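J.: So here's start.cif, just mmCIF, C-alpha atoms:
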```
data_target
loop_
_atom_site.label_atom_id
_atom_site.label_comp_id
_atom_site.auth_asym_id
_atom_site.auth_seq_id
_atom_site.Cartn_x
_atom_site.Cartn_y
_atom_site.Cartn_z
CA MET A 1 -15.58 -5.83 -20.43
CA LYS A 2 -14.47 -3.96 -17.29
CA ALA A 3 -13.72 -0.86 -19.35
CA ASP A 4 -17.18 -0.97 -20.93
CA PHE A 5 -18.79 -1.41 -17.52
CA PHE A 6 -16.87 1.59 -16.13
CA GLN A 7 -17.89 3.55 -19.20
CA ASP A 8 -21.59 2.75 -18.90
CA ALA A 9 -21.78 2.90 -15.12
CA PHE A 10 -19.80 6.08 -14.57
CA LEU A 11 -18.24 8.10 -17.39
CA ASN A 12 -21.43 8.35 -19.44
CA LYS A 13 -23.50 9.24 -16.38
CA PRO A 14 -23.01 13.01 -15.80
CA TYR A 15 -24.79 13.02 -12.46
CA ARG A 16 -22.54 10.25 -11.12
CA VAL A 17 -19.42 12.04 -12.36
CA HIS A 18 -20.45 15.23 -10.56
CA ALA A 19 -21.59 13.35 -7.45
CA LEU A 20 -18.18 11.69 -7.13
CA LEU A 21 -16.50 15.07 -7.41
CA TYR A 22 -18.72 16.54 -4.68
CA ILE A 23 -18.06 13.57 -2.40
CA PHE A 24 -14.37 14.39 -2.81
CA PHE A 25 -15.12 17.92 -1.57
CA ILE A 26 -16.77 16.49 1.54
CA VAL A 27 -13.95 14.04 2.26
CA ALA A 28 -11.34 16.75 1.74
CA GLY A 29 -13.18 19.03 4.16
CA PHE A 30 -13.13 16.40 6.91
CA VAL A 31 -9.48 15.63 6.22
CA TYR A 32 -8.54 19.29 6.54
CA ASP A 33 -10.48 20.00 9.75
CA SER A 34 -11.72 17.80 12.58
CA PRO A 35 -15.37 16.62 12.50
CA ALA A 36 -16.13 18.91 15.45
CA GLN A 37 -14.71 21.93 13.62
CA VAL A 38 -16.59 21.04 10.45
CA PHE A 39 -19.94 20.61 12.21
CA LEU A 40 -19.57 23.84 14.15
CA GLY A 41 -18.61 25.59 10.94
CA LEU A 42 -21.64 24.17 9.13
CA ILE A 43 -23.93 25.46 11.88
CA GLU A 44 -22.42 28.92 11.50
CA ILE A 45 -22.75 28.72 7.71
CA SER A 46 -26.36 27.53 7.83
CA THR A 47 -27.74 29.93 10.42
CA GLY A 48 -25.64 33.07 9.95
CA ALA A 49 -26.25 35.88 7.49
CA ASP A 50 -25.07 34.95 4.00
CA ILE A 51 -25.98 37.89 1.80
CA LEU A 52 -23.30 39.24 -0.53
CA VAL A 53 -20.50 38.99 0.21
CA THR A 54 -20.22 36.29 2.87
CA ASP A 55 -17.24 34.03 2.37
CA TYR A 56 -18.00 30.69 4.02
CA ILE A 57 -14.29 30.00 4.43
CA TYR A 58 -14.17 33.18 6.54
CA THR A 59 -17.28 32.40 8.61
CA GLY A 60 -17.13 28.62 8.93
CA GLY A 61 -13.56 27.60 8.17
CA PHE A 62 -12.00 25.92 5.15
CA GLY A 63 -13.12 22.39 6.02
CA ALA A 64 -16.74 23.37 6.61
CA ALA A 65 -16.83 25.44 3.43
CA MET A 66 -15.57 22.48 1.40
CA VAL A 67 -18.15 20.17 2.96
CA ASN A 68 -20.93 22.70 2.43
CA ALA A 69 -20.01 23.13 -1.24
CA GLY A 70 -20.02 19.36 -1.71
CA LEU A 71 -23.34 18.91 0.06
CA SER A 72 -24.89 21.74 -1.96
CA GLY A 73 -23.72 20.09 -5.16
CA LEU A 74 -25.12 16.71 -4.09
CA LEU A 75 -28.48 18.33 -3.28
CA ALA A 76 -28.61 19.81 -6.79
CA VAL A 77 -27.62 16.49 -8.38
CA GLY A 78 -30.25 14.68 -6.32
CA ALA A 79 -33.00 17.12 -7.28
CA LEU A 80 -32.15 16.91 -10.99
CA ALA A 81 -31.86 13.12 -10.95
CA LEU A 82 -35.11 12.60 -9.02
CA ALA A 83 -36.91 14.94 -11.43
CA LYS A 84 -35.54 12.83 -14.30
CA HIS A 85 -34.07 15.90 -15.91
CA LYS A 86 -32.17 14.97 -19.06
CA PRO A 87 -28.73 16.63 -18.86
CA ILE A 88 -28.01 19.48 -21.28
CA GLY A 89 -25.22 22.02 -21.45
CA LEU A 90 -27.01 24.36 -19.06
CA THR A 91 -27.21 21.47 -16.57
CA MET A 92 -23.42 21.41 -16.37
CA GLY A 93 -23.39 25.18 -15.91
CA THR A 94 -26.03 24.96 -13.19
CA LEU A 95 -24.08 22.37 -11.22
CA GLY A 96 -20.96 24.51 -11.51
CA LEU A 97 -22.85 27.49 -10.15
CA VAL A 98 -24.34 25.56 -7.25
CA VAL A 99 -21.12 23.96 -6.03
CA GLY A 100 -19.23 27.20 -6.62
CA ILE A 101 -21.62 29.41 -4.74
CA GLY A 102 -21.73 26.75 -2.05
CA PHE A 103 -18.61 28.64 -0.94
CA PHE A 104 -20.54 31.87 -0.40
CA GLY A 105 -24.27 31.77 0.11
CA LYS A 106 -25.92 28.42 -0.57
CA ASN A 107 -26.35 25.64 1.96
CA LEU A 108 -28.56 22.68 2.86
CA ILE A 109 -30.89 24.85 4.93
CA ASN A 110 -31.70 27.71 2.56
CA MET A 111 -31.83 25.79 -0.75
CA PRO A 112 -34.57 23.12 -0.26
CA PRO A 113 -37.59 25.48 0.08
CA ILE A 114 -36.75 27.07 -3.28
CA ILE A 115 -36.35 23.69 -4.99
CA LEU A 116 -39.68 22.64 -3.45
CA GLY A 117 -41.28 25.77 -4.89
CA GLY A 118 -40.17 24.68 -8.37
CA PHE A 119 -41.84 21.31 -7.79
CA LEU A 120 -45.09 22.98 -6.76
CA TYR A 121 -44.94 25.19 -9.87
CA ALA A 122 -44.65 22.07 -12.04
CA LYS A 123 -47.71 20.60 -10.32
CA TYR A 124 -49.65 23.84 -10.77
CA ALA A 125 -48.65 24.18 -14.43
CA LYS A 126 -49.29 20.47 -15.00
CA MET A 127 -45.86 19.84 -16.47
CA PRO A 128 -43.16 17.28 -15.66
CA TYR A 129 -40.91 18.46 -12.85
CA GLY A 130 -37.96 17.70 -15.10
CA VAL A 131 -38.96 20.71 -17.19
CA SER A 132 -38.96 23.25 -14.37
CA VAL A 133 -36.38 21.81 -11.97
CA LEU A 134 -33.35 23.40 -13.62
CA ARG A 135 -34.64 26.95 -13.11
CA ALA A 136 -35.66 26.06 -9.55
CA VAL A 137 -32.13 24.86 -8.76
CA LEU A 138 -30.69 28.00 -10.37
CA ALA A 139 -33.12 30.11 -8.32
CA THR A 140 -31.25 29.08 -5.18
CA CYS A 141 -29.23 32.20 -5.97
CA LEU A 142 -31.89 33.84 -3.76
CA ALA A 143 -31.22 31.42 -0.91
CA PRO A 144 -29.94 34.22 1.37
CA ALA A 145 -33.50 35.57 1.45
CA VAL A 146 -34.58 32.36 3.19
CA THR A 147 -31.81 32.77 5.75
CA GLN A 148 -32.59 36.44 6.36
CA PHE A 149 -36.24 35.79 7.17
CA ALA A 150 -35.63 32.53 9.05
CA PHE A 151 -32.70 33.52 11.27
CA ILE A 152 -31.80 37.21 10.98
CA THR A 153 -34.88 38.65 12.70
CA ASP A 154 -36.07 39.07 16.27
CA LEU A 155 -39.29 37.14 15.62
CA PRO A 156 -40.01 33.88 17.46
CA ILE A 157 -38.04 31.11 15.76
CA VAL A 158 -41.17 29.20 14.71
CA VAL A 159 -42.64 32.30 13.07
CA SER A 160 -39.41 33.40 11.40
CA THR A 161 -38.63 29.92 10.11
CA THR A 162 -42.13 29.57 8.68
CA ILE A 163 -41.79 32.90 6.91
CA GLY A 164 -38.37 31.90 5.56
CA ILE A 165 -39.70 28.62 4.18
CA PHE A 166 -42.69 30.37 2.61
CA VAL A 167 -40.44 32.97 0.97
CA GLY A 168 -38.24 30.21 -0.45
CA ILE A 169 -41.22 28.31 -1.85
CA ALA A 170 -42.56 31.51 -3.42
CA ILE A 171 -39.18 32.15 -5.07
CA GLY A 172 -39.03 28.65 -6.58
CA PHE A 173 -42.63 28.94 -7.77
CA LEU A 174 -42.29 32.36 -9.40
CA ILE A 175 -38.87 32.00 -11.03
CA ASN A 176 -40.06 29.88 -13.97
CA PRO A 177 -42.58 32.31 -15.51
CA LEU A 178 -40.42 35.32 -14.67
CA ALA A 179 -37.24 33.82 -16.16
CA VAL A 180 -39.06 32.97 -19.39
CA HIS A 181 -40.30 36.55 -19.65
CA LYS A 182 -36.94 38.16 -18.80
CA PHE A 183 -35.17 36.07 -21.43
CA ASP A 184 -36.85 38.21 -24.08
CA ALA A 185 -35.32 41.35 -22.57
CA HIS A 186 -31.74 40.34 -23.41
CA LYS A 187 -32.49 37.91 -26.28
CA GLY A 188 -30.36 35.19 -24.73
CA TYR A 189 -27.11 37.15 -24.83
CA ASN A 190 -26.77 36.81 -21.03
CA LEU A 191 -26.01 33.22 -20.03
CA TYR A 192 -27.16 33.87 -16.45
CA ASN A 193 -30.81 34.48 -17.32
CA VAL A 194 -32.17 33.23 -13.99
CA GLY A 195 -29.75 35.55 -12.20
CA PHE A 196 -31.23 38.43 -14.20
CA ALA A 197 -34.79 37.45 -13.26
CA ALA A 198 -33.74 36.83 -9.66
CA GLY A 199 -32.46 40.39 -9.43
CA PHE A 200 -36.01 41.70 -9.77
CA ILE A 201 -37.37 39.22 -7.23
CA GLY A 202 -34.51 40.15 -4.92
CA MET A 203 -35.46 43.82 -5.11
CA GLY A 204 -39.00 42.93 -4.07
CA ILE A 205 -37.83 40.76 -1.19
CA PHE A 206 -35.41 43.43 0.00
CA ALA A 207 -38.24 45.97 -0.04
CA LEU A 208 -40.47 43.59 1.95
CA TYR A 209 -37.72 42.95 4.49
CA SER A 210 -37.22 46.70 4.91
CA LEU A 211 -40.98 47.21 5.19
CA MET A 212 -40.94 44.89 8.19
CA GLY A 213 -38.48 47.29 9.81
CA TYR A 214 -35.30 45.31 9.26
CA ASP A 215 -32.56 47.43 7.77
CA PHE A 216 -29.22 45.91 6.89
CA TYR A 217 -26.25 46.52 4.68
CA THR A 218 -24.49 44.19 2.29
CA LEU A 219 -21.58 42.34 3.86
CA ASN A 220 -17.94 42.30 2.87
CA LEU A 221 -16.41 39.19 4.45
CA TRP A 222 -13.49 37.69 2.53
CA SER A 223 -11.01 35.00 3.52
CA SER A 224 -7.30 35.15 2.74
CA GLY A 225 -4.26 32.93 3.04
CA TYR A 226 -5.69 30.01 1.07
CA ASN A 227 -3.99 30.54 -2.29
CA LEU A 228 -2.15 27.21 -2.19
CA HIS A 229 -5.18 25.21 -1.03
CA LEU A 230 -7.60 26.68 -3.57
CA SER A 231 -5.18 26.71 -6.49
CA ILE A 232 -4.55 22.99 -5.91
CA LEU A 233 -8.31 22.46 -5.76
CA LEU A 234 -8.75 24.32 -9.06
CA VAL A 235 -6.06 22.30 -10.83
CA ALA A 236 -7.42 18.98 -9.49
CA TYR A 237 -11.01 19.96 -10.40
CA SER A 238 -10.02 20.94 -13.95
CA LEU A 239 -7.83 17.89 -14.44
CA PHE A 240 -10.64 15.61 -13.25
CA PHE A 241 -12.93 16.83 -16.03
CA ILE A 242 -10.23 16.59 -18.68
CA VAL A 243 -9.42 12.99 -17.70
CA CYS A 244 -13.11 12.04 -17.68
CA GLY A 245 -13.59 13.68 -21.08
CA VAL A 246 -10.58 11.90 -22.59
CA LEU A 247 -11.55 8.49 -21.22
CA CYS A 248 -15.25 8.59 -22.06
CA LYS A 249 -16.68 7.30 -25.33
CA THR A 250 -19.84 8.68 -26.89
CA ASP A 251 -22.09 7.72 -29.78
CA ASN A 252 -21.66 11.23 -31.13
CA GLU A 253 -19.43 11.20 -34.21
CA LYS A 254 -18.28 14.80 -33.66
CA THR A 255 -14.82 15.26 -32.17
CA LEU A 256 -13.91 18.28 -30.07
CA SER A 257 -11.07 20.06 -31.85
CA PHE A 258 -8.95 23.14 -31.22
CA ARG A 259 -11.01 25.05 -33.78
CA ASP A 260 -14.04 24.83 -31.50
CA TYR A 261 -12.37 27.21 -29.04
CA PHE A 262 -12.50 29.91 -31.72
CA ARG A 263 -16.27 29.78 -32.05
CA PHE A 264 -17.19 33.28 -33.21
CA HIS A 265 -20.33 34.44 -35.01
CA LYS A 266 -22.38 31.57 -33.66
CA PHE A 267 -24.98 32.59 -31.14
CA GLU A 268 -25.89 29.15 -29.84
CA LEU A 269 -22.94 27.31 -28.34
CA ASP A 270 -23.77 24.18 -26.41
CA PHE A 271 -20.69 22.00 -26.22
CA TYR A 272 -22.57 19.30 -24.34
CA ASP A 273 -25.28 19.09 -27.00
CA GLU A 274 -22.63 18.68 -29.70
CA PHE A 275 -20.02 16.58 -27.96
CA LYS A 276 -21.81 15.06 -24.93
CA GLU A 277 -19.35 13.97 -22.23
CA LYS A 278 -16.39 14.99 -24.40
CA SER A 279 -17.37 18.56 -23.48
CA TYR A 280 -15.74 17.87 -20.10
CA ILE A 281 -12.44 18.51 -21.84
CA HIS A 282 -13.45 22.06 -22.65
CA MET A 283 -14.68 22.57 -19.08
CA GLY A 284 -11.28 21.52 -17.77
CA ILE A 285 -9.49 23.79 -20.23
CA MET A 286 -11.63 26.72 -19.04
CA GLY A 287 -10.47 25.89 -15.52
CA PHE A 288 -6.81 25.98 -16.51
CA ALA A 289 -7.41 29.25 -18.38
CA CYS A 290 -8.75 30.73 -15.13
CA PHE A 291 -5.73 29.33 -13.28
CA VAL A 292 -3.36 31.07 -15.70
CA PHE A 293 -5.42 34.27 -15.43
CA MET A 294 -5.09 34.22 -11.63
CA ILE A 295 -1.31 33.83 -11.92
CA MET A 296 -1.01 36.64 -14.46
CA ILE A 297 -3.07 39.07 -12.41
CA ARG A 298 -1.64 37.88 -9.08
CA GLY A 299 -5.12 37.27 -7.79
CA GLN A 300 -5.91 36.36 -4.19
CA TYR A 301 -8.05 33.22 -3.89
CA SER A 302 -11.03 33.23 -1.53
CA GLY A 303 -14.39 31.48 -1.25
CA PRO A 304 -16.18 33.81 -3.72
CA VAL A 305 -13.27 33.76 -6.18
CA ILE A 306 -12.91 29.96 -6.32
CA GLY A 307 -16.71 29.70 -6.42
CA THR A 308 -16.81 32.02 -9.42
CA ILE A 309 -14.16 30.00 -11.21
CA LEU A 310 -16.04 26.73 -10.61
CA ALA A 311 -19.13 28.38 -12.13
CA VAL A 312 -17.10 29.47 -15.17
CA ILE A 313 -15.87 25.89 -15.57
CA GLY A 314 -19.45 24.59 -15.52
CA PHE A 315 -20.46 26.98 -18.28
CA GLY A 316 -17.53 25.71 -20.32
CA ALA A 317 -20.14 23.19 -21.50
CA PHE A 318 -22.66 25.89 -22.35
CA GLY A 319 -22.05 29.24 -23.97
CA LYS A 320 -18.48 30.03 -22.96
CA ALA A 321 -15.42 29.51 -25.12
CA ILE A 322 -12.02 30.94 -24.24
CA PHE A 323 -11.56 33.18 -27.24
CA SER A 324 -15.07 34.63 -27.21
CA ALA A 325 -14.74 35.32 -23.48
CA MET A 326 -11.43 37.15 -23.86
CA PRO A 327 -12.76 40.49 -25.21
CA VAL A 328 -15.40 40.61 -22.47
CA VAL A 329 -12.81 39.95 -19.78
CA LEU A 330 -10.52 42.59 -21.28
CA GLY A 331 -13.34 45.15 -21.27
CA ALA A 332 -14.11 44.37 -17.63
CA MET A 333 -10.42 44.74 -16.74
CA ILE A 334 -10.31 48.16 -18.39
CA ALA A 335 -13.25 49.26 -16.24
CA ALA A 336 -11.53 47.80 -13.17
CA ALA A 337 -8.35 49.69 -14.04
CA ILE A 338 -10.31 52.96 -14.19
CA SER A 339 -11.79 52.18 -10.76
CA TRP A 340 -8.26 51.52 -9.49
CA TYR A 341 -7.09 54.90 -10.77
CA PHE A 342 -9.96 56.92 -9.32
CA ARG A 343 -10.97 54.91 -6.25
CA GLY A 344 -7.83 52.98 -5.38
CA THR A 345 -9.47 49.55 -5.66
CA PRO A 346 -6.89 47.16 -7.17
CA VAL A 347 -7.85 45.22 -10.28
CA ASN A 348 -7.01 41.96 -8.50
CA GLU A 349 -9.13 42.77 -5.43
CA GLY A 350 -11.73 40.09 -4.63
CA SER A 351 -14.90 41.85 -5.77
CA MET A 352 -13.20 42.98 -8.98
CA LEU A 353 -11.96 39.46 -9.71
CA VAL A 354 -15.46 38.04 -9.24
CA ALA A 355 -17.01 40.64 -11.56
CA ILE A 356 -14.29 40.18 -14.20
CA LEU A 357 -14.62 36.40 -14.22
CA PHE A 358 -18.42 36.46 -14.17
CA SER A 359 -18.48 38.98 -17.04
CA THR A 360 -17.95 35.94 -19.28
CA CYS A 361 -21.73 35.48 -19.06
CA LEU A 362 -21.78 37.91 -22.00
CA SER A 363 -19.64 35.70 -24.22
CA PRO A 364 -22.54 35.08 -26.65
CA LEU A 365 -22.70 38.80 -27.35
CA ALA A 366 -19.00 38.96 -28.20
CA ARG A 367 -19.26 35.79 -30.28
CA LYS A 368 -22.17 37.15 -32.30
CA PHE A 369 -21.14 40.78 -32.80
CA GLY A 370 -17.37 40.71 -32.54
CA PHE A 371 -14.42 41.82 -30.43
CA GLY A 372 -15.32 45.51 -30.08
CA TRP A 373 -18.81 44.94 -28.80
CA GLY A 374 -17.49 42.24 -26.47
CA LEU A 375 -15.07 44.80 -25.08
CA ALA A 376 -17.94 47.25 -24.51
CA ALA A 377 -20.04 44.54 -22.88
CA GLY A 378 -17.33 43.67 -20.36
CA PHE A 379 -16.75 47.32 -19.52
CA ILE A 380 -20.44 48.05 -18.91
CA HIS A 381 -20.93 44.78 -17.03
CA LEU A 382 -18.30 45.55 -14.42
CA THR A 383 -19.68 49.06 -14.00
CA PHE A 384 -23.11 47.64 -13.22
CA ALA A 385 -21.87 44.72 -11.12
CA ALA A 386 -19.90 47.02 -8.83
CA ASN A 387 -22.90 49.21 -8.07
CA ILE A 388 -26.23 47.34 -8.22
CA GLY A 389 -25.89 45.03 -5.22
CA GLY A 390 -27.66 47.58 -3.04
CA PHE A 391 -30.82 47.35 -5.13
CA HIS A 392 -31.49 43.80 -3.93
CA GLY A 393 -29.64 44.15 -0.63
CA GLY A 394 -27.19 41.39 -1.52
CA MET A 395 -30.06 38.88 -1.62
CA ASN A 396 -29.23 37.77 -5.19
CA LEU A 397 -26.05 35.71 -5.24
CA TYR A 398 -26.06 35.98 -9.03
CA ASN A 399 -25.54 39.73 -8.86
CA ASN A 400 -23.41 39.44 -11.98
CA GLY A 401 -26.25 37.68 -13.76
CA PHE A 402 -28.41 40.68 -12.95
CA ALA A 403 -25.68 43.00 -14.21
CA GLY A 404 -25.18 40.87 -17.32
CA GLY A 405 -28.88 40.99 -18.14
CA LEU A 406 -28.99 44.76 -17.80
CA THR A 407 -25.87 45.08 -19.96
CA ALA A 408 -27.25 42.89 -22.74
CA MET A 409 -30.66 44.57 -22.55
CA ILE A 410 -29.04 47.98 -23.08
CA LEU A 411 -26.40 46.98 -25.62
CA PHE A 412 -28.47 44.78 -27.92
CA PRO A 413 -30.73 47.52 -29.37
CA ILE A 414 -27.71 49.83 -29.72
CA ILE A 415 -25.76 47.18 -31.61
CA THR A 416 -28.66 46.35 -33.90
CA PHE A 417 -29.19 50.04 -34.59
CA PHE A 418 -25.60 50.60 -35.71
CA LYS A 419 -25.56 47.37 -37.68
CA GLY A 420 -28.88 48.16 -39.31
CA GLU A 421 -30.43 44.93 -38.06
CA THR A 422 -33.85 44.31 -36.56
CA GLU A 423 -32.76 41.29 -34.54
#
```
What does this structure look like when you write it as structure tokens?
T.:
Amino acid sequence: MKADFFQDAFLNKPYRVHALLYIFFIVAGFVYDSPAQVFLGLIEISTGADILVTDYIYTGGFGAAMVNAGLSGLLAVGALALAKHKPIGLTMGTLGLVVGIGFFGKNLINMPPIILGGFLYAKYAKMPYGVSVLRAVLATCLAPAVTQFAFITDLPIVVSTTIGIFVGIAIGFLINPLAVHKFDAHKGYNLYNVGFAAGFIGMGIFALYSLMGYDFYTLNLWSSGYNLHLSILLVAYSLFFIVCGVLCKTDNEKTLSFRDYFRFHKFELDFYDEFKEKSYIHMGIMGFACFVFMIMIRGQYSGPVIGTILAVIGFGAFGKAIFSAMPVVLGAMIAAAISWYFRGTPVNEGSMLVAILFSTCLSPLARKFGFGWGLAAGFIHLTFAANIGGFHGGMNLYNNGFAGGLTAMILFPIITFFKGETE
């Protein structure tokens, strides 16, 4: 009876599982640093510039960054639950993105106006908020735009804050129709579709900010010295999902097997749709795969790097499988190696690691068209990701989603041409 109660009250409730995990982040943050340090760090995180790349561990401290990531995740869970959004695979990916990028760009101040904008869009379109809320939560990738207008100007605080809130609401309102339209450009081969759409909005916002006479450059703030802390966090995070997946029971008769990790030639891949909470096992395995990758490449952990890995884990329930991600990652590493040779930027440098790991957003392309095209996708993706941040001024935290969309948009017609296909 107790086991059944635990099953029904917790394991089969995805929002509760994620909420518990995010509460752990908050507790861990307060254990690591004193409450005074955490609160001061949160103030710095919430009111300081947070365009790419702003590592919250660097600006606010490890404890504050952990608390901020947890609070950001709880905000997303609360919005989805209140909107009565029925969890799908993309929901798991969205929560992974939010808590991950809570380490470098999202916070409780700059996210709410965008989520509110999604609610207003639902009212305007006369649809349930549960339909539009997921894109609104994803659109918090443009949260730095709210911060820039609200705090990084010389306008009176009331005026600047009002502008920041208005910009956030506009982002949340516009992202739904734009994301639907931009999906057609890459045919769904980029898992970070909202990041692609947000790139275009970000360019417009950056142009508006410059029109007002505010010129700025993208940031490059990275923390270091936290390899042990963040590797332990990654292992614990991954193990948590594996344990939950093993313990839970679902009505779904399908059983997740080793063969499912070899999913090639299948465009749609939603582990959560097929296996429900058992898909947590695959999410955890993706986390351990990233852990092994970091060891092999001798990567340096930081806020953006651990945030990227947490996002990859989330999409382990939607669209990403280890063996379809491998050719894309390899292609991105080849491009990074070329950059190392000509520019001296190591393959395991922070920005390269983020781009390599996020290149897995193109896994559907590799899964559909094979190893060679996956290799090409990863190579092109990293080339774009390393050079397009200036177009949106670092406003779009899903810069790799923007790069992934451009890559898929360019590659898809080329692939279909050589394969003699129309779709």
J.: Restricting the calculation to all atoms listed in the file: of A:Ser224, A:Asn107, A:Thr162, A:Ser359, which residue gets closest to Ala150 of chain A?
T.: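 Selected residue with least distance to Ala150 of chain A: A:Thr162.
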J.: Excluding Tyr22 of chain A and any residue of its chain fewer than 3 positions from it, enumerate the residues within 9 Å of it, using all atoms listed in the file, and give them as a PyMOL selection string.
T.: chain A and resi 17-19+25-27+67+69-74+99
J.: Within 12 Å of (-19.0, 39.5, -31.6) (file coordinates; only C-alpha atoms), which protein or nucleic acid residues are there? I'd like them as number ranges by chain.
T.: A: 189, 262-267, 323-328, 362-377, 412, 415, 419
J.: I want to know what sits within 7 Å of segment 41-57 of chain A, based on all atoms listed in the file, with residues of the same chain fewer than 4 positions away left out; could you give that as a PyMOL selection string?
T.: chain A and resi 37+61-62+64-65+68+103-105+107+109+144+147-148+151-152+218-223+303-304+394-395+397
J.: So what do you get for atom CA of Ala403 of chain A versus atom CA of Ala385 of chain A, distance-wise?
T.: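 According to the coordinates, atom CA of Ala403 of chain A and atom CA of Ala385 of chain A are separated by 5.2 Å.
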J.: What gap, in Å, lies between atom CA of Leu11 of chain A and atom CA of Gly29 of chain A?
T.: 24.7 Å
J.: Set the distance at 9 Å and use only C-alpha atoms: which residues neighbour Phe379 of chain A once local chain neighbours fewer than 4 positions away are removed? I'd like the list as a list in words.
T.: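 Counting only C-alpha atoms, the residues come to Val328, Val329, Leu330, Gly331, Ala332, Met333, Ile334, Ala335, Ala336, Ser359, Gly374, Leu375, Thr383 and Phe384 of chain A.
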J.: Once the PyMOL selection byres ((chain A and resi 225) around 9) has been evaluated on this model, what residues remain selected, and can you format them as a count of residues only?
T.: 9
J.: For atom CA of Phe318 of chain A and atom CA of Arg298 of chain A, determine how far apart the two atoms are, in Å to one decimal place.
T.: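 Computing it gives 27.6 Å between the two atoms.
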J.: Pick out the closest residue to Asp270 of chain A from this set: A:Met212, A:Leu191, A:Val131, A:Leu239. Count only C-alpha atoms.
T.: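 Of the candidates, the smallest distance to Asp270 of chain A is held by A:Leu191.
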J.: For Lys84 of chain A, find every residue with an atom within 12 Å (counting all atoms listed in the file), except residues of its own chain fewer than 5 positions away, and show them as an NGL selection string.
T.: :A and (15 or 77-79 or 128-134)
J.: Selection in question (the file shown): the PyMOL selection byres ((chain A and resi 196) around 8). Which residues does it include, as a list in words?
T.: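 Applying the expression gives Ala179, Lys182, Tyr192, Asn193, Val194, Gly195, Ala197, Ala198, Gly199, Phe200, Tyr398, Asn399, Gly401, Phe402, Ala403, Gly404, Gly405 and Leu406 of chain A.
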J.: Tell me which of A:Arg343, A:Ile356, A:Ala139, A:Glu277 sits closest to Val98 of chain A, counting only C-alpha atoms.
T.: A:Ala139
J.: Give me the result of the PyMOL selection byres ((chain A and resi 185) around 9) on this file, residue by residue, as a PDB file with C-alpha atoms, in the frame of the given file.
T.:
```pdb
ATOM      1  CA  HIS A 181     -40.300  36.550 -19.650  1.00  0.00           C
ATOM      2  CA  LYS A 182     -36.940  38.160 -18.800  1.00  0.00           C
ATOM      3  CA  PHE A 183     -35.170  36.070 -21.430  1.00  0.00           C
ATOM      4  CA  ASP A 184     -36.850  38.210 -24.080  1.00  0.00           C
ATOM      5  CA  HIS A 186     -31.740  40.340 -23.410  1.00  0.00           C
ATOM      6  CA  LYS A 187     -32.490  37.910 -26.280  1.00  0.00           C
ATOM      7  CA  GLY A 188     -30.360  35.190 -24.730  1.00  0.00           C
ATOM      8  CA  GLY A 405     -28.880  40.990 -18.140  1.00  0.00           C
ATOM      9  CA  LEU A 406     -28.990  44.760 -17.800  1.00  0.00           C
ATOM     10  CA  ALA A 408     -27.250  42.890 -22.740  1.00  0.00           C
ATOM     11  CA  MET A 409     -30.660  44.570 -22.550  1.00  0.00           C
TER      12      MET A 409
END
```
J.: Ranking A:Met203, A:Ile285, A:Met111, A:Val137 by minimum distance to Gly168 of chain A and counting only C-alpha atoms, which one comes first?
T.: A:Met111
J.: I need the residue nearest Phe271 of chain A from this list: A:Gly96, A:Gly89, A:Gly344, A:Gly118. Use only C-alpha atoms for the distance.
T.: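 Using only C-alpha atoms, Phe271 of chain A sits closest to A:Gly89.
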